[in-house]
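Undergrad: For reference, the structure I am asking about is given below.
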Amino acid sequence: MERALFGGETPEQFQLHLKQLMATTKLTPEQIKTGIAQLKGWNLNQSKLVKSYKFKDFIEAFSFMTKVAIIAEKMDHHPEWFNVYNNLKIELTTHDAGGISQLDLDLAKKIDLL
């Protein structure tokens, strides 16, 4: 009976799928504004979360990018980024959602902790 209520899934599986669906749903402008307020130095530009960095040199920039890459891979959510020597620009958006989703805010928060 219980599995019938959740489309053949266990309640735990259903909750996981619901969480994943919500994470890839485009956020409202108010949700984005609230989320950006909790981040350090991120801005909204053309429906993307954007942050620029300037490092001491290329090695430091690339080291930071490697740390971000490991986090992004674990989240299965990958940034758009542009690197020239010691400058790095990161852009976050969820293409499947057609804009910013909770995944973008979550990844930005994790990047801020580096």
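Labels for the structure tokens follow display order: chains A, B, ..., residues from 1 in each chain, ligands from 1.
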Identify, on the basis of only C-alpha atoms, every residue whose closest approach to Met65 of chain A does not exceed 10 Å; exclude the query and any residue fewer than 6 positions from it along the same chain; express the result as a PyMOL selection string.
TA: chain A and resi 59+71+81+83+88+90+111
Undergrad: Could you please take those selected residues and save N, CA and C atoms as a PDB file, in the first residue's frame?
TA:
```
ATOM      1  N   ILE A  59      49.279  29.268 -10.910  1.00  0.00           N
ATOM      2  CA  ILE A  59      49.252  28.043 -10.087  1.00  0.00           C
ATOM      3  C   ILE A  59      48.187  28.156  -9.003  1.00  0.00           C
ATOM      4  N   ILE A  71      34.439  19.492  -6.049  1.00  0.00           N
ATOM      5  CA  ILE A  71      33.118  19.739  -5.454  1.00  0.00           C
ATOM      6  C   ILE A  71      32.028  19.626  -6.516  1.00  0.00           C
ATOM      7  N   TRP A  81      33.318  28.569 -16.499  1.00  0.00           N
ATOM      8  CA  TRP A  81      34.357  29.442 -15.972  1.00  0.00           C
ATOM      9  C   TRP A  81      35.335  29.840 -17.043  1.00  0.00           C
ATOM     10  N   ASN A  83      39.308  31.421 -17.381  1.00  0.00           N
ATOM     11  CA  ASN A  83      40.562  31.640 -16.675  1.00  0.00           C
ATOM     12  C   ASN A  83      41.606  32.185 -17.626  1.00  0.00           C
ATOM     13  N   LEU A  88      40.067  34.585 -12.678  1.00  0.00           N
ATOM     14  CA  LEU A  88      39.073  33.529 -12.841  1.00  0.00           C
ATOM     15  C   LEU A  88      37.690  34.142 -12.686  1.00  0.00           C
ATOM     16  N   ILE A  90      33.709  32.814 -12.513  1.00  0.00           N
ATOM     17  CA  ILE A  90      32.830  31.649 -12.409  1.00  0.00           C
ATOM     18  C   ILE A  90      31.401  32.105 -12.641  1.00  0.00           C
ATOM     19  N   ILE A 111      31.748  26.880  -2.747  1.00  0.00           N
ATOM     20  CA  ILE A 111      32.912  27.583  -3.280  1.00  0.00           C
ATOM     21  C   ILE A 111      33.349  28.661  -2.286  1.00  0.00           C
TER      22      ILE A 111
END
```
Undergrad: For the alpha helix (DSSP H) assignment from backbone DSSP, which residues of chain A qualify? Please present them as a VMD selection string.
TA: chain A and resid 2 to 5 11 to 23 29 to 37 58 to 75 102 to 112
Undergrad: In Å, rounded to a single decimal, give me how far atom CA of Lys56 of chain A is from atom CA of Val84 of chain A.
TA: 12.3 Å
Undergrad: Applying 12 Å and only C-alpha atoms, which residues near Leu105 of chain A remain after dropping the ones on its own chain fewer than 6 positions away? List them as an mmCIF file with all heavy atoms, in the first residue's frame.
TA:
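So the final result, stored in part05.cif, reads:
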```cif
data_model
loop_
_atom_site.group_PDB
_atom_site.id
_atom_site.type_symbol
_atom_site.label_atom_id
_atom_site.label_comp_id
_atom_site.auth_asym_id
_atom_site.auth_seq_id
_atom_site.Cartn_x
_atom_site.Cartn_y
_atom_site.Cartn_z
ATOM 1 N N ALA A 23 15.717 20.875 -6.562
ATOM 2 C CA ALA A 23 17.032 21.491 -6.732
ATOM 3 C C ALA A 23 17.245 21.966 -8.162
ATOM 4 O O ALA A 23 18.016 22.887 -8.404
ATOM 5 C CB ALA A 23 18.130 20.513 -6.326
ATOM 6 N N THR A 24 16.579 21.349 -9.138
ATOM 7 C CA THR A 24 16.768 21.746 -10.531
ATOM 8 C C THR A 24 15.595 22.565 -11.066
ATOM 9 O O THR A 24 15.439 22.720 -12.260
ATOM 10 C CB THR A 24 17.002 20.513 -11.429
ATOM 11 O OG1 THR A 24 15.893 19.628 -11.297
ATOM 12 C CG2 THR A 24 18.280 19.810 -11.072
ATOM 13 N N LYS A 26 13.850 26.160 -11.553
ATOM 14 C CA LYS A 26 14.262 27.564 -11.633
ATOM 15 C C LYS A 26 13.678 28.339 -10.449
ATOM 16 O O LYS A 26 12.492 28.249 -10.147
ATOM 17 C CB LYS A 26 13.769 28.165 -12.951
ATOM 18 C CG LYS A 26 14.213 29.589 -13.178
ATOM 19 C CD LYS A 26 13.735 30.074 -14.531
ATOM 20 C CE LYS A 26 14.097 31.522 -14.757
ATOM 21 N NZ LYS A 26 13.628 31.974 -16.090
ATOM 22 N N LEU A 27 14.555 29.087 -9.783
ATOM 23 C CA LEU A 27 14.125 29.874 -8.634
ATOM 24 C C LEU A 27 13.436 31.167 -9.083
ATOM 25 O O LEU A 27 13.707 31.682 -10.168
ATOM 26 C CB LEU A 27 15.327 30.225 -7.754
ATOM 27 C CG LEU A 27 16.067 29.034 -7.134
ATOM 28 C CD1 LEU A 27 17.271 29.528 -6.340
ATOM 29 C CD2 LEU A 27 15.154 28.213 -6.246
ATOM 30 N N GLN A 31 13.537 34.432 -4.543
ATOM 31 C CA GLN A 31 14.383 33.358 -3.998
ATOM 32 C C GLN A 31 15.854 33.601 -4.342
ATOM 33 O O GLN A 31 16.739 33.366 -3.518
ATOM 34 C CB GLN A 31 13.937 31.998 -4.535
ATOM 35 C CG GLN A 31 12.610 31.522 -3.995
ATOM 36 C CD GLN A 31 12.101 30.286 -4.735
ATOM 37 O OE1 GLN A 31 12.142 30.210 -5.967
ATOM 38 N NE2 GLN A 31 11.634 29.307 -3.961
ATOM 39 N N ILE A 32 16.102 34.072 -5.548
ATOM 40 C CA ILE A 32 17.479 34.364 -5.975
ATOM 41 C C ILE A 32 18.048 35.510 -5.142
ATOM 42 O O ILE A 32 19.171 35.437 -4.651
ATOM 43 C CB ILE A 32 17.526 34.697 -7.481
ATOM 44 C CG1 ILE A 32 17.157 33.453 -8.303
ATOM 45 C CG2 ILE A 32 18.911 35.215 -7.878
ATOM 46 C CD1 ILE A 32 16.884 33.728 -9.763
ATOM 47 N N LYS A 33 17.264 36.557 -4.962
ATOM 48 C CA LYS A 33 17.701 37.712 -4.171
ATOM 49 C C LYS A 33 18.048 37.282 -2.742
ATOM 50 O O LYS A 33 19.079 37.680 -2.201
ATOM 51 C CB LYS A 33 16.604 38.774 -4.158
ATOM 52 C CG LYS A 33 16.974 40.041 -3.436
ATOM 53 C CD LYS A 33 15.841 41.053 -3.504
ATOM 54 C CE LYS A 33 16.164 42.292 -2.696
ATOM 55 N NZ LYS A 33 15.060 43.252 -2.698
ATOM 56 N N THR A 34 17.202 36.472 -2.147
ATOM 57 C CA THR A 34 17.440 35.973 -0.789
ATOM 58 C C THR A 34 18.701 35.113 -0.755
ATOM 59 O O THR A 34 19.520 35.233 0.161
ATOM 60 C CB THR A 34 16.230 35.161 -0.292
ATOM 61 O OG1 THR A 34 15.083 36.013 -0.287
ATOM 62 C CG2 THR A 34 16.456 34.615 1.105
ATOM 63 N N GLY A 35 18.872 34.259 -1.757
ATOM 64 C CA GLY A 35 20.044 33.384 -1.813
ATOM 65 C C GLY A 35 21.339 34.144 -2.003
ATOM 66 O O GLY A 35 22.340 33.851 -1.337
ATOM 67 N N ILE A 36 21.351 35.133 -2.886
ATOM 68 C CA ILE A 36 22.554 35.924 -3.142
ATOM 69 C C ILE A 36 22.974 36.679 -1.883
ATOM 70 O O ILE A 36 24.166 36.844 -1.612
ATOM 71 C CB ILE A 36 22.345 36.882 -4.331
ATOM 72 C CG1 ILE A 36 22.314 36.089 -5.636
ATOM 73 C CG2 ILE A 36 23.455 37.931 -4.393
ATOM 74 C CD1 ILE A 36 22.015 36.919 -6.868
ATOM 75 N N ALA A 37 22.008 37.119 -1.103
ATOM 76 C CA ALA A 37 22.308 37.861 0.124
ATOM 77 C C ALA A 37 23.114 37.022 1.119
ATOM 78 O O ALA A 37 23.818 37.570 1.967
ATOM 79 C CB ALA A 37 21.014 38.347 0.774
ATOM 80 N N GLN A 38 23.048 35.709 0.984
ATOM 81 C CA GLN A 38 23.772 34.807 1.886
ATOM 82 C C GLN A 38 25.143 34.419 1.340
ATOM 83 O O GLN A 38 25.879 33.684 1.991
ATOM 84 C CB GLN A 38 22.938 33.551 2.134
ATOM 85 C CG GLN A 38 21.610 33.829 2.792
ATOM 86 C CD GLN A 38 20.728 32.593 2.849
ATOM 87 O OE1 GLN A 38 21.173 31.473 2.666
ATOM 88 N NE2 GLN A 38 19.447 32.805 3.108
ATOM 89 N N LEU A 39 25.490 34.910 0.161
ATOM 90 C CA LEU A 39 26.756 34.569 -0.479
ATOM 91 C C LEU A 39 27.760 35.715 -0.343
ATOM 92 O O LEU A 39 27.381 36.845 -0.042
ATOM 93 C CB LEU A 39 26.526 34.252 -1.962
ATOM 94 C CG LEU A 39 25.574 33.098 -2.259
ATOM 95 C CD1 LEU A 39 25.306 33.003 -3.752
ATOM 96 C CD2 LEU A 39 26.120 31.785 -1.716
ATOM 97 N N LYS A 40 29.024 35.408 -0.600
ATOM 98 C CA LYS A 40 30.099 36.395 -0.488
ATOM 99 C C LYS A 40 30.571 36.828 -1.873
ATOM 100 O O LYS A 40 31.276 36.089 -2.554
ATOM 101 C CB LYS A 40 31.283 35.800 0.275
ATOM 102 C CG LYS A 40 30.949 35.329 1.672
ATOM 103 C CD LYS A 40 32.138 34.602 2.271
ATOM 104 C CE LYS A 40 31.729 33.843 3.515
ATOM 105 N NZ LYS A 40 32.770 32.904 3.942
ATOM 106 N N TRP A 42 29.005 37.326 -4.769
ATOM 107 C CA TRP A 42 28.345 36.844 -5.980
ATOM 108 C C TRP A 42 27.338 37.880 -6.453
ATOM 109 O O TRP A 42 26.700 38.555 -5.657
ATOM 110 C CB TRP A 42 27.638 35.517 -5.716
ATOM 111 C CG TRP A 42 28.582 34.382 -5.468
ATOM 112 C CD1 TRP A 42 29.147 34.039 -4.284
ATOM 113 C CD2 TRP A 42 29.082 33.456 -6.432
ATOM 114 N NE1 TRP A 42 29.969 32.936 -4.443
ATOM 115 C CE2 TRP A 42 29.945 32.566 -5.753
ATOM 116 C CE3 TRP A 42 28.882 33.287 -7.797
ATOM 117 C CZ2 TRP A 42 30.603 31.523 -6.400
ATOM 118 C CZ3 TRP A 42 29.525 32.241 -8.436
ATOM 119 C CH2 TRP A 42 30.378 31.372 -7.739
ATOM 120 N N ASN A 43 27.205 37.991 -7.778
ATOM 121 C CA ASN A 43 26.256 38.917 -8.386
ATOM 122 C C ASN A 43 25.386 38.172 -9.384
ATOM 123 O O ASN A 43 25.727 37.084 -9.842
ATOM 124 C CB ASN A 43 27.001 40.043 -9.119
ATOM 125 C CG ASN A 43 27.841 40.854 -8.175
ATOM 126 O OD1 ASN A 43 27.323 41.477 -7.262
ATOM 127 N ND2 ASN A 43 29.145 40.836 -8.377
ATOM 128 N N LEU A 44 24.292 38.803 -9.750
ATOM 129 C CA LEU A 44 23.405 38.269 -10.777
ATOM 130 C C LEU A 44 23.700 38.988 -12.080
ATOM 131 O O LEU A 44 23.719 40.220 -12.133
ATOM 132 C CB LEU A 44 21.946 38.486 -10.360
ATOM 133 C CG LEU A 44 20.874 37.970 -11.300
ATOM 134 C CD1 LEU A 44 20.976 36.454 -11.455
ATOM 135 C CD2 LEU A 44 19.499 38.356 -10.779
ATOM 136 N N LYS A 48 22.560 34.410 -14.393
ATOM 137 C CA LYS A 48 23.626 33.555 -13.873
ATOM 138 C C LYS A 48 24.165 34.178 -12.589
ATOM 139 O O LYS A 48 24.187 35.401 -12.445
ATOM 140 C CB LYS A 48 24.779 33.430 -14.868
ATOM 141 C CG LYS A 48 24.397 32.748 -16.165
ATOM 142 C CD LYS A 48 25.575 32.704 -17.117
ATOM 143 C CE LYS A 48 25.171 32.051 -18.432
ATOM 144 N NZ LYS A 48 26.295 31.989 -19.365
ATOM 145 N N LEU A 49 24.603 33.316 -11.669
ATOM 146 C CA LEU A 49 25.366 33.785 -10.519
ATOM 147 C C LEU A 49 26.801 33.939 -10.996
ATOM 148 O O LEU A 49 27.351 33.019 -11.615
ATOM 149 C CB LEU A 49 25.324 32.779 -9.380
ATOM 150 C CG LEU A 49 23.996 32.559 -8.679
ATOM 151 C CD1 LEU A 49 24.143 31.488 -7.607
ATOM 152 C CD2 LEU A 49 23.499 33.844 -8.068
ATOM 153 N N VAL A 50 27.422 35.076 -10.706
ATOM 154 C CA VAL A 50 28.754 35.366 -11.226
ATOM 155 C C VAL A 50 29.658 35.882 -10.111
ATOM 156 O O VAL A 50 29.234 36.711 -9.295
ATOM 157 C CB VAL A 50 28.683 36.420 -12.351
ATOM 158 C CG1 VAL A 50 30.068 36.732 -12.894
ATOM 159 C CG2 VAL A 50 27.761 35.967 -13.474
ATOM 160 N N HIS A 77 27.186 19.013 -10.833
ATOM 161 C CA HIS A 77 26.735 20.347 -11.248
ATOM 162 C C HIS A 77 27.982 21.174 -11.533
ATOM 163 O O HIS A 77 28.757 21.467 -10.622
ATOM 164 C CB HIS A 77 25.881 20.984 -10.154
ATOM 165 C CG HIS A 77 25.202 22.230 -10.602
ATOM 166 N ND1 HIS A 77 24.295 22.241 -11.643
ATOM 167 C CD2 HIS A 77 25.295 23.506 -10.166
ATOM 168 C CE1 HIS A 77 23.858 23.469 -11.815
ATOM 169 N NE2 HIS A 77 24.453 24.255 -10.937
ATOM 170 N N PRO A 79 30.355 24.325 -13.167
ATOM 171 C CA PRO A 79 30.337 25.753 -13.473
ATOM 172 C C PRO A 79 30.781 26.039 -14.904
ATOM 173 O O PRO A 79 31.463 25.231 -15.527
ATOM 174 C CB PRO A 79 31.350 26.328 -12.488
ATOM 175 C CG PRO A 79 32.343 25.228 -12.292
ATOM 176 C CD PRO A 79 31.518 23.956 -12.348
ATOM 177 N N GLU A 91 30.682 31.364 -13.480
ATOM 178 C CA GLU A 91 29.266 31.606 -13.732
ATOM 179 C C GLU A 91 28.500 30.326 -13.424
ATOM 180 O O GLU A 91 28.884 29.247 -13.869
ATOM 181 C CB GLU A 91 29.033 32.008 -15.193
ATOM 182 C CG GLU A 91 29.718 33.296 -15.574
ATOM 183 C CD GLU A 91 29.485 33.687 -17.027
ATOM 184 O OE1 GLU A 91 28.958 32.875 -17.813
ATOM 185 O OE2 GLU A 91 29.844 34.823 -17.375
ATOM 186 N N LEU A 92 27.427 30.479 -12.663
ATOM 187 C CA LEU A 92 26.605 29.330 -12.298
ATOM 188 C C LEU A 92 25.179 29.519 -12.790
ATOM 189 O O LEU A 92 24.559 30.559 -12.559
ATOM 190 C CB LEU A 92 26.590 29.154 -10.776
ATOM 191 C CG LEU A 92 27.942 28.968 -10.093
ATOM 192 C CD1 LEU A 92 27.767 28.886 -8.585
ATOM 193 C CD2 LEU A 92 28.651 27.743 -10.622
ATOM 194 N N THR A 93 24.677 28.525 -13.465
ATOM 195 C CA THR A 93 23.294 28.472 -13.909
ATOM 196 C C THR A 93 22.932 27.009 -14.116
ATOM 197 O O THR A 93 23.810 26.165 -14.273
ATOM 198 C CB THR A 93 23.073 29.285 -15.202
ATOM 199 O OG1 THR A 93 21.676 29.382 -15.469
ATOM 200 C CG2 THR A 93 23.780 28.667 -16.392
ATOM 201 N N THR A 94 21.659 26.708 -14.087
ATOM 202 C CA THR A 94 21.199 25.341 -14.309
ATOM 203 C C THR A 94 20.475 25.318 -15.648
ATOM 204 O O THR A 94 19.351 25.786 -15.757
ATOM 205 C CB THR A 94 20.264 24.880 -13.170
ATOM 206 O OG1 THR A 94 20.962 25.024 -11.929
ATOM 207 C CG2 THR A 94 19.847 23.428 -13.356
ATOM 208 N N GLY A 99 17.680 28.620 -15.862
ATOM 209 C CA GLY A 99 18.076 29.745 -15.018
ATOM 210 C C GLY A 99 18.720 29.248 -13.739
ATOM 211 O O GLY A 99 19.210 28.120 -13.663
ATOM 212 N N ILE A 111 31.748 26.880 -2.747
ATOM 213 C CA ILE A 111 32.912 27.583 -3.280
ATOM 214 C C ILE A 111 33.349 28.661 -2.286
ATOM 215 O O ILE A 111 34.544 28.847 -2.052
ATOM 216 C CB ILE A 111 32.596 28.192 -4.660
ATOM 217 C CG1 ILE A 111 32.413 27.076 -5.697
ATOM 218 C CG2 ILE A 111 33.712 29.151 -5.098
ATOM 219 C CD1 ILE A 111 31.872 27.544 -7.035
ATOM 220 N N ASP A 112 32.407 29.340 -1.687
ATOM 221 C CA ASP A 112 32.732 30.383 -0.709
ATOM 222 C C ASP A 112 33.501 29.838 0.489
ATOM 223 O O ASP A 112 34.220 30.576 1.154
ATOM 224 C CB ASP A 112 31.459 31.082 -0.219
ATOM 225 C CG ASP A 112 30.933 32.119 -1.185
ATOM 226 O OD1 ASP A 112 31.651 32.474 -2.144
ATOM 227 O OD2 ASP A 112 29.795 32.588 -0.977
#
```
Undergrad: Any idea what the distance is between atom CA of Val68 of chain A and atom CA of Leu103 of chain A?
TA: 14.0 Å
